[in-house]
Every structure is written in structure tokens, then in C-alpha cells.
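Novice: Just data_23.tsv, nothing more (TSV, N, CA and C atoms):
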```tsv
chain	number	residue	atom	x	y	z
M	11	MET	N	-8.89	-20.32	-23.79
M	11	MET	CA	-7.89	-20.48	-22.77
M	11	MET	C	-8.04	-19.35	-21.74
M	12	THR	N	-7.95	-19.68	-20.48
M	12	THR	CA	-8.08	-18.72	-19.40
M	12	THR	C	-6.83	-17.86	-19.31
M	13	ALA	N	-7.02	-16.56	-19.22
M	13	ALA	CA	-5.89	-15.65	-19.04
M	13	ALA	C	-5.31	-15.83	-17.65
M	14	LYS	N	-3.97	-15.73	-17.57
M	14	LYS	CA	-3.29	-15.88	-16.29
M	14	LYS	C	-2.79	-14.53	-15.80
M	15	ILE	N	-2.90	-14.34	-14.49
M	15	ILE	CA	-2.41	-13.13	-13.83
M	15	ILE	C	-1.34	-13.56	-12.83
M	16	LEU	N	-0.24	-12.82	-12.78
M	16	LEU	CA	0.83	-13.10	-11.83
M	16	LEU	C	0.74	-12.11	-10.68
M	17	LEU	N	0.81	-12.60	-9.46
M	17	LEU	CA	0.84	-11.78	-8.26
M	17	LEU	C	2.18	-12.06	-7.59
M	18	VAL	N	3.01	-11.04	-7.40
M	18	VAL	CA	4.33	-11.23	-6.81
M	18	VAL	C	4.36	-10.65	-5.40
M	19	THR	N	4.87	-11.43	-4.45
M	19	THR	CA	4.87	-10.97	-3.07
M	19	THR	C	5.88	-11.77	-2.25
M	20	GLY	N	5.88	-11.54	-0.96
M	20	GLY	CA	6.78	-12.25	-0.05
M	20	GLY	C	6.27	-12.13	1.37
M	21	ASP	N	7.07	-12.59	2.31
M	21	ASP	CA	6.70	-12.48	3.72
M	21	ASP	C	6.48	-11.02	4.09
M	22	ALA	N	5.58	-10.80	5.01
M	22	ALA	CA	5.24	-9.48	5.55
M	22	ALA	C	4.45	-8.61	4.57
M	23	ALA	N	3.90	-9.23	3.52
M	23	ALA	CA	2.96	-8.49	2.68
M	23	ALA	C	1.67	-8.29	3.49
M	24	GLU	N	0.95	-7.25	3.17
M	24	GLU	CA	-0.33	-7.00	3.83
M	24	GLU	C	-1.35	-8.05	3.38
M	25	SER	N	-1.92	-8.78	4.32
M	25	SER	CA	-2.85	-9.87	4.02
M	25	SER	C	-3.93	-9.49	3.01
M	26	LEU	N	-4.63	-8.39	3.28
M	26	LEU	CA	-5.74	-8.00	2.41
M	26	LEU	C	-5.27	-7.56	1.03
M	27	GLU	N	-4.07	-7.04	0.93
M	27	GLU	CA	-3.56	-6.57	-0.36
M	27	GLU	C	-3.12	-7.72	-1.26
M	28	VAL	N	-2.93	-8.89	-0.67
M	28	VAL	CA	-2.64	-10.09	-1.45
M	28	VAL	C	-3.92	-10.86	-1.74
M	29	LEU	N	-4.66	-11.15	-0.68
M	29	LEU	CA	-5.80	-12.07	-0.82
M	29	LEU	C	-7.02	-11.46	-1.49
M	30	TYR	N	-7.25	-10.16	-1.32
M	30	TYR	CA	-8.42	-9.56	-1.97
M	30	TYR	C	-8.26	-9.57	-3.49
M	31	PRO	N	-7.14	-9.06	-4.05
M	31	PRO	CA	-7.02	-9.13	-5.51
M	31	PRO	C	-6.97	-10.58	-6.01
M	32	TYR	N	-6.33	-11.45	-5.25
M	32	TYR	CA	-6.26	-12.86	-5.64
M	32	TYR	C	-7.67	-13.44	-5.81
M	33	GLN	N	-8.52	-13.25	-4.81
M	33	GLN	CA	-9.88	-13.81	-4.86
M	33	GLN	C	-10.74	-13.11	-5.91
M	34	ARG	N	-10.65	-11.80	-6.01
M	34	ARG	CA	-11.48	-11.06	-6.97
M	34	ARG	C	-11.12	-11.44	-8.41
M	35	LEU	N	-9.84	-11.56	-8.70
M	35	LEU	CA	-9.42	-11.95	-10.04
M	35	LEU	C	-9.90	-13.36	-10.37
M	36	ARG	N	-9.84	-14.26	-9.41
M	36	ARG	CA	-10.35	-15.62	-9.63
M	36	ARG	C	-11.86	-15.60	-9.86
M	37	GLU	N	-12.57	-14.75	-9.12
M	37	GLU	CA	-14.02	-14.62	-9.33
M	37	GLU	C	-14.34	-14.15	-10.74
M	38	GLU	N	-13.47	-13.36	-11.33
M	38	GLU	CA	-13.67	-12.86	-12.69
M	38	GLU	C	-13.22	-13.86	-13.75
M	39	GLY	N	-12.72	-15.01	-13.31
M	39	GLY	CA	-12.37	-16.07	-14.25
M	39	GLY	C	-10.90	-16.17	-14.61
M	40	TYR	N	-10.04	-15.37	-13.99
M	40	TYR	CA	-8.61	-15.45	-14.28
M	40	TYR	C	-7.97	-16.57	-13.47
M	41	GLU	N	-6.90	-17.13	-14.01
M	41	GLU	CA	-6.05	-18.05	-13.27
M	41	GLU	C	-4.97	-17.19	-12.63
M	42	VAL	N	-4.82	-17.26	-11.32
M	42	VAL	CA	-3.89	-16.39	-10.61
M	42	VAL	C	-2.80	-17.24	-9.96
M	43	HIS	N	-1.56	-16.87	-10.22
M	43	HIS	CA	-0.41	-17.54	-9.60
M	43	HIS	C	0.31	-16.56	-8.70
M	44	ILE	N	0.68	-17.03	-7.52
M	44	ILE	CA	1.45	-16.22	-6.59
M	44	ILE	C	2.90	-16.65	-6.67
M	45	ALA	N	3.79	-15.69	-6.95
M	45	ALA	CA	5.22	-15.95	-7.01
M	45	ALA	C	5.92	-15.20	-5.89
M	46	ALA	N	6.97	-15.82	-5.37
M	46	ALA	CA	7.74	-15.27	-4.26
M	46	ALA	C	9.21	-15.63	-4.48
M	47	PRO	N	10.10	-15.15	-3.63
M	47	PRO	CA	11.51	-15.50	-3.81
M	47	PRO	C	11.75	-17.01	-3.88
M	48	THR	N	11.00	-17.78	-3.09
M	48	THR	CA	11.07	-19.24	-3.12
M	48	THR	C	9.67	-19.80	-2.95
M	49	ARG	N	9.48	-21.06	-3.36
M	49	ARG	CA	8.22	-21.74	-3.08
M	49	ARG	C	8.21	-22.10	-1.60
M	50	LYS	N	7.29	-21.51	-0.88
M	50	LYS	CA	7.17	-21.77	0.55
M	50	LYS	C	5.83	-21.25	1.04
M	51	LYS	N	5.53	-21.50	2.28
M	51	LYS	CA	4.33	-20.92	2.88
M	51	LYS	C	4.69	-19.49	3.29
M	52	LEU	N	4.04	-18.53	2.65
M	52	LEU	CA	4.28	-17.12	2.95
M	52	LEU	C	3.52	-16.72	4.20
M	53	ARG	N	4.09	-15.81	4.94
M	53	ARG	CA	3.48	-15.31	6.18
M	53	ARG	C	3.17	-13.83	5.99
M	54	PHE	N	1.87	-13.52	5.92
M	54	PHE	CA	1.44	-12.15	5.71
M	54	PHE	C	1.20	-11.46	7.04
M	55	VAL	N	0.96	-10.14	7.00
M	55	VAL	CA	0.72	-9.35	8.20
M	55	VAL	C	-0.54	-8.51	8.02
M	56	VAL	N	-1.02	-8.00	9.14
M	56	VAL	CA	-2.17	-7.10	9.17
M	56	VAL	C	-1.74	-5.83	9.89
M	57	HIS	N	-1.95	-4.69	9.26
M	57	HIS	CA	-1.66	-3.40	9.88
M	57	HIS	C	-2.98	-2.78	10.32
M	58	ASP	N	-3.00	-2.30	11.55
M	58	ASP	CA	-4.22	-1.71	12.07
M	58	ASP	C	-3.87	-0.69	13.15
M	59	PHE	N	-4.80	0.19	13.42
M	59	PHE	CA	-4.60	1.21	14.44
M	59	PHE	C	-5.13	0.72	15.78
M	60	GLU	N	-4.42	1.10	16.84
M	60	GLU	CA	-4.84	0.78	18.20
M	60	GLU	C	-4.79	2.04	19.04
M	61	ASP	N	-5.69	2.13	19.99
M	61	ASP	CA	-5.70	3.27	20.90
M	61	ASP	C	-4.34	3.39	21.59
M	62	GLY	N	-3.86	4.62	21.69
M	62	GLY	CA	-2.61	4.89	22.38
M	62	GLY	C	-1.38	4.87	21.48
M	63	PHE	N	-1.51	4.38	20.25
M	63	PHE	CA	-0.39	4.37	19.31
M	63	PHE	C	-0.51	5.56	18.37
M	64	ASP	N	0.62	6.17	18.04
M	64	ASP	CA	0.62	7.28	17.09
M	64	ASP	C	0.60	6.80	15.64
M	65	THR	N	0.88	5.54	15.42
M	65	THR	CA	0.89	4.96	14.08
M	65	THR	C	0.25	3.58	14.15
M	66	TYR	N	0.17	2.93	13.03
M	66	TYR	CA	-0.44	1.60	13.01
M	66	TYR	C	0.49	0.57	13.63
M	67	THR	N	-0.10	-0.55	14.02
M	67	THR	CA	0.67	-1.67	14.54
M	67	THR	C	0.62	-2.80	13.52
M	68	GLU	N	1.53	-3.73	13.68
M	68	GLU	CA	1.60	-4.86	12.75
M	68	GLU	C	1.42	-6.16	13.54
M	69	LYS	N	0.53	-7.00	13.02
M	69	LYS	CA	0.24	-8.28	13.65
M	69	LYS	C	0.37	-9.40	12.62
M	70	PRO	N	0.62	-10.61	13.05
M	70	PRO	CA	0.63	-11.73	12.10
M	70	PRO	C	-0.72	-11.84	11.40
M	71	GLY	N	-0.68	-12.14	10.12
M	71	GLY	CA	-1.90	-12.28	9.33
M	71	GLY	C	-2.03	-13.71	8.84
M	72	TYR	N	-2.58	-13.84	7.64
M	72	TYR	CA	-2.79	-15.16	7.06
M	72	TYR	C	-1.47	-15.74	6.53
M	73	THR	N	-1.49	-17.03	6.28
M	73	THR	CA	-0.41	-17.68	5.57
M	73	THR	C	-0.98	-18.21	4.26
M	74	TRP	N	-0.10	-18.33	3.25
M	74	TRP	CA	-0.55	-18.78	1.94
M	74	TRP	C	0.65	-19.34	1.19
M	75	PRO	N	0.46	-20.42	0.45
M	75	PRO	CA	1.61	-20.98	-0.28
M	75	PRO	C	1.92	-20.21	-1.56
M	76	ALA	N	3.19	-20.05	-1.83
M	76	ALA	CA	3.62	-19.49	-3.11
M	76	ALA	C	3.55	-20.61	-4.15
M	77	ASP	N	2.97	-20.31	-5.30
M	77	ASP	CA	2.88	-21.29	-6.38
M	77	ASP	C	4.20	-21.47	-7.10
M	78	LEU	N	4.97	-20.39	-7.18
M	78	LEU	CA	6.20	-20.36	-7.97
M	78	LEU	C	7.28	-19.56	-7.25
M	79	ALA	N	8.52	-19.91	-7.52
M	79	ALA	CA	9.64	-19.04	-7.15
M	79	ALA	C	9.84	-18.06	-8.30
M	80	PHE	N	10.39	-16.90	-8.03
M	80	PHE	CA	10.63	-15.91	-9.08
M	80	PHE	C	11.42	-16.51	-10.24
M	81	THR	N	12.36	-17.40	-9.94
M	81	THR	CA	13.18	-18.00	-11.00
M	81	THR	C	12.38	-18.89	-11.93
M	82	GLU	N	11.19	-19.32	-11.52
M	82	GLU	CA	10.35	-20.20	-12.33
M	82	GLU	C	9.34	-19.44	-13.20
M	83	VAL	N	9.26	-18.14	-13.04
M	83	VAL	CA	8.25	-17.34	-13.73
M	83	VAL	C	8.65	-17.07	-15.19
M	84	ASP	N	7.69	-17.31	-16.09
M	84	ASP	CA	7.83	-16.91	-17.49
M	84	ASP	C	6.87	-15.74	-17.69
M	85	PRO	N	7.37	-14.50	-17.68
M	85	PRO	CA	6.48	-13.35	-17.79
M	85	PRO	C	5.60	-13.37	-19.03
M	86	GLY	N	6.07	-13.99	-20.10
M	86	GLY	CA	5.29	-14.06	-21.33
M	86	GLY	C	4.02	-14.88	-21.21
M	87	ALA	N	3.92	-15.69	-20.17
M	87	ALA	CA	2.74	-16.53	-19.96
M	87	ALA	C	1.60	-15.80	-19.25
M	88	TYR	N	1.83	-14.56	-18.85
M	88	TYR	CA	0.85	-13.84	-18.04
M	88	TYR	C	0.36	-12.58	-18.75
M	89	ALA	N	-0.92	-12.28	-18.54
M	89	ALA	CA	-1.55	-11.11	-19.16
M	89	ALA	C	-1.33	-9.84	-18.36
M	90	ALA	N	-1.12	-9.98	-17.04
M	90	ALA	CA	-0.96	-8.80	-16.18
M	90	ALA	C	-0.23	-9.21	-14.91
M	91	LEU	N	0.20	-8.19	-14.17
M	91	LEU	CA	0.97	-8.38	-12.94
M	91	LEU	C	0.33	-7.57	-11.83
M	92	VAL	N	0.27	-8.15	-10.62
M	92	VAL	CA	-0.21	-7.45	-9.43
M	92	VAL	C	0.92	-7.43	-8.41
M	93	VAL	N	1.20	-6.24	-7.86
M	93	VAL	CA	2.25	-6.07	-6.86
M	93	VAL	C	1.62	-5.51	-5.58
M	94	PRO	N	1.31	-6.37	-4.60
M	94	PRO	CA	0.74	-5.89	-3.34
M	94	PRO	C	1.78	-5.15	-2.50
M	95	GLY	N	1.29	-4.48	-1.49
M	95	GLY	CA	2.17	-3.74	-0.58
M	95	GLY	C	2.44	-4.49	0.71
M	96	GLY	N	2.37	-3.75	1.80
M	96	GLY	CA	2.86	-4.27	3.07
M	96	GLY	C	4.34	-3.98	3.15
M	97	ARG	N	5.05	-4.74	3.95
M	97	ARG	CA	6.49	-4.52	4.06
M	97	ARG	C	7.30	-5.33	3.06
M	98	ALA	N	6.69	-6.30	2.41
M	98	ALA	CA	7.42	-7.15	1.46
M	98	ALA	C	8.19	-6.35	0.40
M	99	PRO	N	7.61	-5.31	-0.21
M	99	PRO	CA	8.35	-4.58	-1.24
M	99	PRO	C	9.66	-3.95	-0.74
M	100	GLU	N	9.78	-3.72	0.57
M	100	GLU	CA	11.01	-3.13	1.10
M	100	GLU	C	12.23	-3.99	0.79
M	101	TYR	N	12.09	-5.31	0.86
M	101	TYR	CA	13.23	-6.17	0.56
M	101	TYR	C	13.14	-6.78	-0.83
M	102	LEU	N	11.93	-6.95	-1.35
M	102	LEU	CA	11.79	-7.54	-2.69
M	102	LEU	C	12.36	-6.66	-3.78
M	103	ARG	N	12.39	-5.36	-3.56
M	103	ARG	CA	12.91	-4.45	-4.60
M	103	ARG	C	14.36	-4.74	-4.94
M	104	ASN	N	15.07	-5.44	-4.07
M	104	ASN	CA	16.47	-5.77	-4.32
M	104	ASN	C	16.64	-7.15	-4.96
M	105	ASP	N	15.56	-7.86	-5.21
M	105	ASP	CA	15.63	-9.20	-5.79
M	105	ASP	C	15.82	-9.10	-7.30
M	106	ALA	N	16.96	-9.56	-7.79
M	106	ALA	CA	17.29	-9.44	-9.21
M	106	ALA	C	16.29	-10.17	-10.10
M	107	GLU	N	15.81	-11.33	-9.68
M	107	GLU	CA	14.85	-12.09	-10.49
M	107	GLU	C	13.53	-11.35	-10.60
M	108	LEU	N	13.07	-10.76	-9.50
M	108	LEU	CA	11.81	-10.00	-9.54
M	108	LEU	C	11.97	-8.77	-10.41
M	109	ARG	N	13.10	-8.13	-10.35
M	109	ARG	CA	13.33	-6.95	-11.18
M	109	ARG	C	13.26	-7.31	-12.66
M	110	LYS	N	13.77	-8.49	-13.03
M	110	LYS	CA	13.67	-8.97	-14.42
M	110	LYS	C	12.21	-9.18	-14.82
M	111	ILE	N	11.42	-9.74	-13.91
M	111	ILE	CA	10.00	-9.98	-14.18
M	111	ILE	C	9.29	-8.66	-14.44
M	112	LEU	N	9.47	-7.69	-13.55
M	112	LEU	CA	8.80	-6.39	-13.74
M	112	LEU	C	9.24	-5.73	-15.04
M	113	LYS	N	10.52	-5.77	-15.32
M	113	LYS	CA	11.02	-5.16	-16.56
M	113	LYS	C	10.37	-5.81	-17.78
M	114	ALA	N	10.19	-7.12	-17.74
M	114	ALA	CA	9.56	-7.82	-18.86
M	114	ALA	C	8.12	-7.35	-19.06
M	115	PHE	N	7.38	-7.13	-17.97
M	115	PHE	CA	6.01	-6.64	-18.09
M	115	PHE	C	5.98	-5.22	-18.65
M	116	PHE	N	6.86	-4.36	-18.17
M	116	PHE	CA	6.89	-2.99	-18.69
M	116	PHE	C	7.33	-2.96	-20.14
M	117	ASP	N	8.35	-3.76	-20.48
M	117	ASP	CA	8.83	-3.80	-21.87
M	117	ASP	C	7.75	-4.29	-22.83
M	118	ALA	N	6.89	-5.21	-22.36
M	118	ALA	CA	5.81	-5.75	-23.19
M	118	ALA	C	4.55	-4.88	-23.12
M	119	ASP	N	4.59	-3.80	-22.36
M	119	ASP	CA	3.46	-2.88	-22.18
M	119	ASP	C	2.22	-3.60	-21.66
M	120	LYS	N	2.44	-4.52	-20.71
M	120	LYS	CA	1.33	-5.24	-20.08
M	120	LYS	C	0.92	-4.51	-18.81
M	121	PRO	N	-0.34	-4.65	-18.39
M	121	PRO	CA	-0.81	-3.98	-17.19
M	121	PRO	C	-0.06	-4.44	-15.93
M	122	VAL	N	0.29	-3.45	-15.09
M	122	VAL	CA	0.93	-3.72	-13.80
M	122	VAL	C	0.14	-2.94	-12.75
M	123	ALA	N	-0.52	-3.68	-11.85
M	123	ALA	CA	-1.27	-3.06	-10.76
M	123	ALA	C	-0.38	-3.05	-9.52
M	124	GLN	N	-0.37	-1.91	-8.82
M	124	GLN	CA	0.46	-1.76	-7.63
M	124	GLN	C	-0.39	-1.23	-6.49
M	125	ILE	N	-0.20	-1.82	-5.32
M	125	ILE	CA	-0.98	-1.43	-4.15
M	125	ILE	C	-0.03	-0.93	-3.07
M	126	CYS	N	-0.38	0.19	-2.46
M	126	CYS	CA	0.32	0.74	-1.31
M	126	CYS	C	1.82	0.86	-1.53
M	127	HIS	N	2.63	0.00	-0.91
M	127	HIS	CA	4.09	0.07	-1.03
M	127	HIS	C	4.63	-0.66	-2.27
M	128	GLY	N	3.76	-1.23	-3.08
M	128	GLY	CA	4.17	-1.94	-4.28
M	128	GLY	C	5.06	-1.11	-5.21
M	129	PRO	N	4.80	0.20	-5.37
M	129	PRO	CA	5.64	1.00	-6.25
M	129	PRO	C	7.12	1.08	-5.85
M	130	LEU	N	7.47	0.65	-4.63
M	130	LEU	CA	8.88	0.60	-4.26
M	130	LEU	C	9.63	-0.31	-5.22
M	131	ILE	N	8.99	-1.39	-5.64
M	131	ILE	CA	9.62	-2.32	-6.57
M	131	ILE	C	9.72	-1.69	-7.95
M	132	THR	N	8.66	-1.05	-8.39
M	132	THR	CA	8.67	-0.38	-9.69
M	132	THR	C	9.76	0.69	-9.74
M	133	ALA	N	9.91	1.44	-8.68
M	133	ALA	CA	10.94	2.48	-8.64
M	133	ALA	C	12.33	1.87	-8.80
M	134	ALA	N	12.51	0.67	-8.26
M	134	ALA	CA	13.82	0.01	-8.33
M	134	ALA	C	14.19	-0.40	-9.74
M	135	VAL	N	13.19	-0.60	-10.61
M	135	VAL	CA	13.48	-0.98	-11.99
M	135	VAL	C	13.33	0.22	-12.93
M	136	GLY	N	13.03	1.38	-12.38
M	136	GLY	CA	12.90	2.58	-13.20
M	136	GLY	C	11.62	2.66	-13.98
M	137	GLY	N	10.58	1.92	-13.55
M	137	GLY	CA	9.29	1.89	-14.26
M	137	GLY	C	8.40	3.05	-13.94
```
Could you spell out this file's structure in C-alpha cells?
Specialist:
Amino acid sequence: MTAKILLVTGDAAESLEVLYPYQRLREEGYEVHIAAPTRKKLRFVVHDFEDGFDTYTEKPGYTWPADLAFTEVDPGAYAALVVPGGRAPEYLRNDAELRKILKAFFDADKPVAQICHGPLITAAVGG
């Protein structure tokens, strides 16, 4: 049976921080599911530097469908969790269903990978 990996994200996640782990894990033979607050087409962003700006700018990135809503996730069905960054963690950290999912992974001592702003969610659950 193929091991499943859960990737949790939402709108305004950094495109590369979602799609790169998603594709690499699939290349390694894992089944990867993307979960979000609701099943919908997610809208990612790209952060990049431009001349004349003191900080990075944000532009629309790729879109991608969420396979599951957080309420549909059974954490016990997954071997590991990936939490991408971007701006999504800023609001996802307050999602009660996502907090339950993260707590289940930590309580089961399963691997949790976090990218960039992903630890904002972990901090919210005390992980």
C-alpha cells in the first residue's frame, strides 16, 4: 500500500512551497493530498524582489484544487504532514480543524515538515 502524505494550505500560500514538495513527494511514490479550509480551487502567490522595492512583492501565482476540506481529514490515514508557508499560515493558524489535525500528528509522533511561515501554525498548537 502506498503511504499517504497530507499537505495543508490555503489561499495566498507560496506557489513553490506547495507545488515543489507536492511534486517531489509524488515522484518518490507517495500519494499526496492537499487539504484546505474548504474544497475549492486555491489561489497561490509568488513573492519576488523588484528593483526599487525595499522588500519583496507579491503577485498572483498558480491555482490548484484542494482534495479535502480540513473537516474531512483523518490524520491517522497519513504518514506525514507538510505545512507550506506564504501568507496562508497567518490566517490558518486560527482554524480549529487544522489545529486538531496538527495536534494529532504531534501526538502520534509523526513527521511534520514546515516551510517558511509554516511554523506559525505549529506555534498556535504549542508544537
Novice: What lies within 12 Å of Cys126 of chain M using only C-alpha atoms, ignoring chain neighbours under 5 positions off, as a PyMOL selection string?
Specialist: chain M and resi 23-24+26-28+92-100+131-132
Novice: Anything within 7 Å of (-2.5, -7.2, -19.3): list those residues as an MDAnalysis selection string, counting all atoms listed in the file and sticking to the file's coordinates.
Specialist: chainID M and resid 88:91 119:122
Novice: Can you tell me how far atom N of Ala134 of chain M sits from atom C of Arg34 of chain M, in Å to one decimal?
Specialist: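 These atoms are spaced 26.6 Å apart.
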Novice: Report the distance between atom N of Ile44 of chain M and atom C of Thr67 of chain M in Å, rounded to one decimal place.
Specialist: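 These two atoms are separated by 25.4 Å.
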Novice: Skip Lys51 of chain M itself and residues of its chain fewer than 5 positions away, then list as number ranges by chain all residues within 7 Å of it, counting all atoms listed in the file.
Specialist: M: 73-76
Novice: Would you please extract all strand (DSSP E or B) residues from chain M, as assigned by DSSP on the backbone, and give them as an mmCIF file with N, CA and C atoms, in the frame of the given file?
Specialist:
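The resulting result-v7.cif:
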```cif
data_model
loop_
_atom_site.group_PDB
_atom_site.id
_atom_site.type_symbol
_atom_site.label_atom_id
_atom_site.label_comp_id
_atom_site.auth_asym_id
_atom_site.auth_seq_id
_atom_site.Cartn_x
_atom_site.Cartn_y
_atom_site.Cartn_z
ATOM 1 N N LYS M 14 -3.970 -15.730 -17.570
ATOM 2 C CA LYS M 14 -3.290 -15.880 -16.290
ATOM 3 C C LYS M 14 -2.790 -14.530 -15.800
ATOM 4 N N ILE M 15 -2.900 -14.340 -14.490
ATOM 5 C CA ILE M 15 -2.410 -13.130 -13.830
ATOM 6 C C ILE M 15 -1.340 -13.560 -12.830
ATOM 7 N N LEU M 16 -0.240 -12.820 -12.780
ATOM 8 C CA LEU M 16 0.830 -13.100 -11.830
ATOM 9 C C LEU M 16 0.740 -12.110 -10.680
ATOM 10 N N LEU M 17 0.810 -12.600 -9.460
ATOM 11 C CA LEU M 17 0.840 -11.780 -8.260
ATOM 12 C C LEU M 17 2.180 -12.060 -7.590
ATOM 13 N N VAL M 18 3.010 -11.040 -7.400
ATOM 14 C CA VAL M 18 4.330 -11.230 -6.810
ATOM 15 C C VAL M 18 4.360 -10.650 -5.400
ATOM 16 N N ALA M 23 3.900 -9.230 3.520
ATOM 17 C CA ALA M 23 2.960 -8.490 2.680
ATOM 18 C C ALA M 23 1.670 -8.290 3.490
ATOM 19 N N GLU M 24 0.950 -7.250 3.170
ATOM 20 C CA GLU M 24 -0.330 -7.000 3.830
ATOM 21 C C GLU M 24 -1.350 -8.050 3.380
ATOM 22 N N GLU M 41 -6.900 -17.130 -14.010
ATOM 23 C CA GLU M 41 -6.050 -18.050 -13.270
ATOM 24 C C GLU M 41 -4.970 -17.190 -12.630
ATOM 25 N N VAL M 42 -4.820 -17.260 -11.320
ATOM 26 C CA VAL M 42 -3.890 -16.390 -10.610
ATOM 27 C C VAL M 42 -2.800 -17.240 -9.960
ATOM 28 N N HIS M 43 -1.560 -16.870 -10.220
ATOM 29 C CA HIS M 43 -0.410 -17.540 -9.600
ATOM 30 C C HIS M 43 0.310 -16.560 -8.700
ATOM 31 N N ILE M 44 0.680 -17.030 -7.520
ATOM 32 C CA ILE M 44 1.450 -16.220 -6.590
ATOM 33 C C ILE M 44 2.900 -16.650 -6.670
ATOM 34 N N ALA M 45 3.790 -15.690 -6.950
ATOM 35 C CA ALA M 45 5.220 -15.950 -7.010
ATOM 36 C C ALA M 45 5.920 -15.200 -5.890
ATOM 37 N N ALA M 46 6.970 -15.820 -5.370
ATOM 38 C CA ALA M 46 7.740 -15.270 -4.260
ATOM 39 C C ALA M 46 9.210 -15.630 -4.480
ATOM 40 N N LYS M 51 5.530 -21.500 2.280
ATOM 41 C CA LYS M 51 4.330 -20.920 2.880
ATOM 42 C C LYS M 51 4.690 -19.490 3.290
ATOM 43 N N LEU M 52 4.040 -18.530 2.650
ATOM 44 C CA LEU M 52 4.280 -17.120 2.950
ATOM 45 C C LEU M 52 3.520 -16.720 4.200
ATOM 46 N N ARG M 53 4.090 -15.810 4.940
ATOM 47 C CA ARG M 53 3.480 -15.310 6.180
ATOM 48 C C ARG M 53 3.170 -13.830 5.990
ATOM 49 N N PHE M 54 1.870 -13.520 5.920
ATOM 50 C CA PHE M 54 1.440 -12.150 5.710
ATOM 51 C C PHE M 54 1.200 -11.460 7.040
ATOM 52 N N VAL M 55 0.960 -10.140 7.000
ATOM 53 C CA VAL M 55 0.720 -9.350 8.200
ATOM 54 C C VAL M 55 -0.540 -8.510 8.020
ATOM 55 N N VAL M 56 -1.020 -8.000 9.140
ATOM 56 C CA VAL M 56 -2.170 -7.100 9.170
ATOM 57 C C VAL M 56 -1.740 -5.830 9.890
ATOM 58 N N HIS M 57 -1.950 -4.690 9.260
ATOM 59 C CA HIS M 57 -1.660 -3.400 9.880
ATOM 60 C C HIS M 57 -2.980 -2.780 10.320
ATOM 61 N N ASP M 58 -3.000 -2.300 11.550
ATOM 62 C CA ASP M 58 -4.220 -1.710 12.070
ATOM 63 C C ASP M 58 -3.870 -0.690 13.150
ATOM 64 N N THR M 67 -0.100 -0.550 14.020
ATOM 65 C CA THR M 67 0.670 -1.670 14.540
ATOM 66 C C THR M 67 0.620 -2.800 13.520
ATOM 67 N N GLU M 68 1.530 -3.730 13.680
ATOM 68 C CA GLU M 68 1.600 -4.860 12.750
ATOM 69 C C GLU M 68 1.420 -6.160 13.540
ATOM 70 N N LYS M 69 0.530 -7.000 13.020
ATOM 71 C CA LYS M 69 0.240 -8.280 13.650
ATOM 72 C C LYS M 69 0.370 -9.400 12.620
ATOM 73 N N PRO M 70 0.620 -10.610 13.050
ATOM 74 C CA PRO M 70 0.630 -11.730 12.100
ATOM 75 C C PRO M 70 -0.720 -11.840 11.400
ATOM 76 N N GLY M 71 -0.680 -12.140 10.120
ATOM 77 C CA GLY M 71 -1.900 -12.280 9.330
ATOM 78 C C GLY M 71 -2.030 -13.710 8.840
ATOM 79 N N TYR M 72 -2.580 -13.840 7.640
ATOM 80 C CA TYR M 72 -2.790 -15.160 7.060
ATOM 81 C C TYR M 72 -1.470 -15.740 6.530
ATOM 82 N N THR M 73 -1.490 -17.030 6.280
ATOM 83 C CA THR M 73 -0.410 -17.680 5.570
ATOM 84 C C THR M 73 -0.980 -18.210 4.260
ATOM 85 N N TRP M 74 -0.100 -18.330 3.250
ATOM 86 C CA TRP M 74 -0.550 -18.780 1.940
ATOM 87 C C TRP M 74 0.650 -19.340 1.190
ATOM 88 N N PRO M 75 0.460 -20.420 0.450
ATOM 89 C CA PRO M 75 1.610 -20.980 -0.280
ATOM 90 C C PRO M 75 1.920 -20.210 -1.560
ATOM 91 N N LEU M 78 4.970 -20.390 -7.180
ATOM 92 C CA LEU M 78 6.200 -20.360 -7.970
ATOM 93 C C LEU M 78 7.280 -19.560 -7.250
ATOM 94 N N ALA M 79 8.520 -19.910 -7.520
ATOM 95 C CA ALA M 79 9.640 -19.040 -7.150
ATOM 96 C C ALA M 79 9.840 -18.060 -8.300
ATOM 97 N N ALA M 90 -1.120 -9.980 -17.040
ATOM 98 C CA ALA M 90 -0.960 -8.800 -16.180
ATOM 99 C C ALA M 90 -0.230 -9.210 -14.910
ATOM 100 N N LEU M 91 0.200 -8.190 -14.170
ATOM 101 C CA LEU M 91 0.970 -8.380 -12.940
ATOM 102 C C LEU M 91 0.330 -7.570 -11.830
ATOM 103 N N VAL M 92 0.270 -8.150 -10.620
ATOM 104 C CA VAL M 92 -0.210 -7.450 -9.430
ATOM 105 C C VAL M 92 0.920 -7.430 -8.410
ATOM 106 N N VAL M 93 1.200 -6.240 -7.860
ATOM 107 C CA VAL M 93 2.250 -6.070 -6.860
ATOM 108 C C VAL M 93 1.620 -5.510 -5.580
ATOM 109 N N GLY M 96 2.370 -3.750 1.800
ATOM 110 C CA GLY M 96 2.860 -4.270 3.070
ATOM 111 C C GLY M 96 4.340 -3.980 3.150
ATOM 112 N N VAL M 122 0.290 -3.450 -15.090
ATOM 113 C CA VAL M 122 0.930 -3.720 -13.800
ATOM 114 C C VAL M 122 0.140 -2.940 -12.750
ATOM 115 N N ALA M 123 -0.520 -3.680 -11.850
ATOM 116 C CA ALA M 123 -1.270 -3.060 -10.760
ATOM 117 C C ALA M 123 -0.380 -3.050 -9.520
ATOM 118 N N GLN M 124 -0.370 -1.910 -8.820
ATOM 119 C CA GLN M 124 0.460 -1.760 -7.630
ATOM 120 C C GLN M 124 -0.390 -1.230 -6.490
#
```
Novice: Can you tell me, as JSON, the centre and edge lengths (Å, one decimal) of the axis-aligned box enclosing all of segment 82-100 of chain M's listed atoms after padding each side by 8 Å?
Specialist:
```
{"center_x": 5.3, "center_y": -11.7, "center_z": -8.6, "size_x": 29.8, "size_y": 33.1, "size_z": 41.4}
```
Novice: For each of M:Ala123, M:Glu37, M:Gly71, M:Val135, take the minimum atom-to-atom distance to Arg109 of chain M, counting all atoms listed in the file, then give the residue where this is smallest.
Specialist: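 Of M:Ala123, M:Glu37, M:Gly71, M:Val135, the one nearest Arg109 of chain M, counting all atoms listed in the file, is M:Val135.
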Novice: Could you check how far atom C of Ala13 of chain M sits from atom N of Gly39 of chain M, in Å to one decimal?
Specialist: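 These two atoms are separated by 8.6 Å.
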Novice: In terms of the shortest atom-to-atom distance over all atoms listed in the file, which of M:Leu78, M:Leu16, M:Ile125, M:Ala22 is closest to Glu41 of chain M?
Specialist: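 Checking each of M:Leu78, M:Leu16, M:Ile125, M:Ala22 against Glu41 of chain M, counting all atoms listed in the file, the winner is M:Leu16.
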Novice: Of the residues M:Val55, M:Ala118, M:Leu35, M:Ile111, which is the one nearest to Val83 of chain M, using only C-alpha atoms?
Specialist: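 Counting only C-alpha atoms, the residue closest to Val83 of chain M is M:Ile111.
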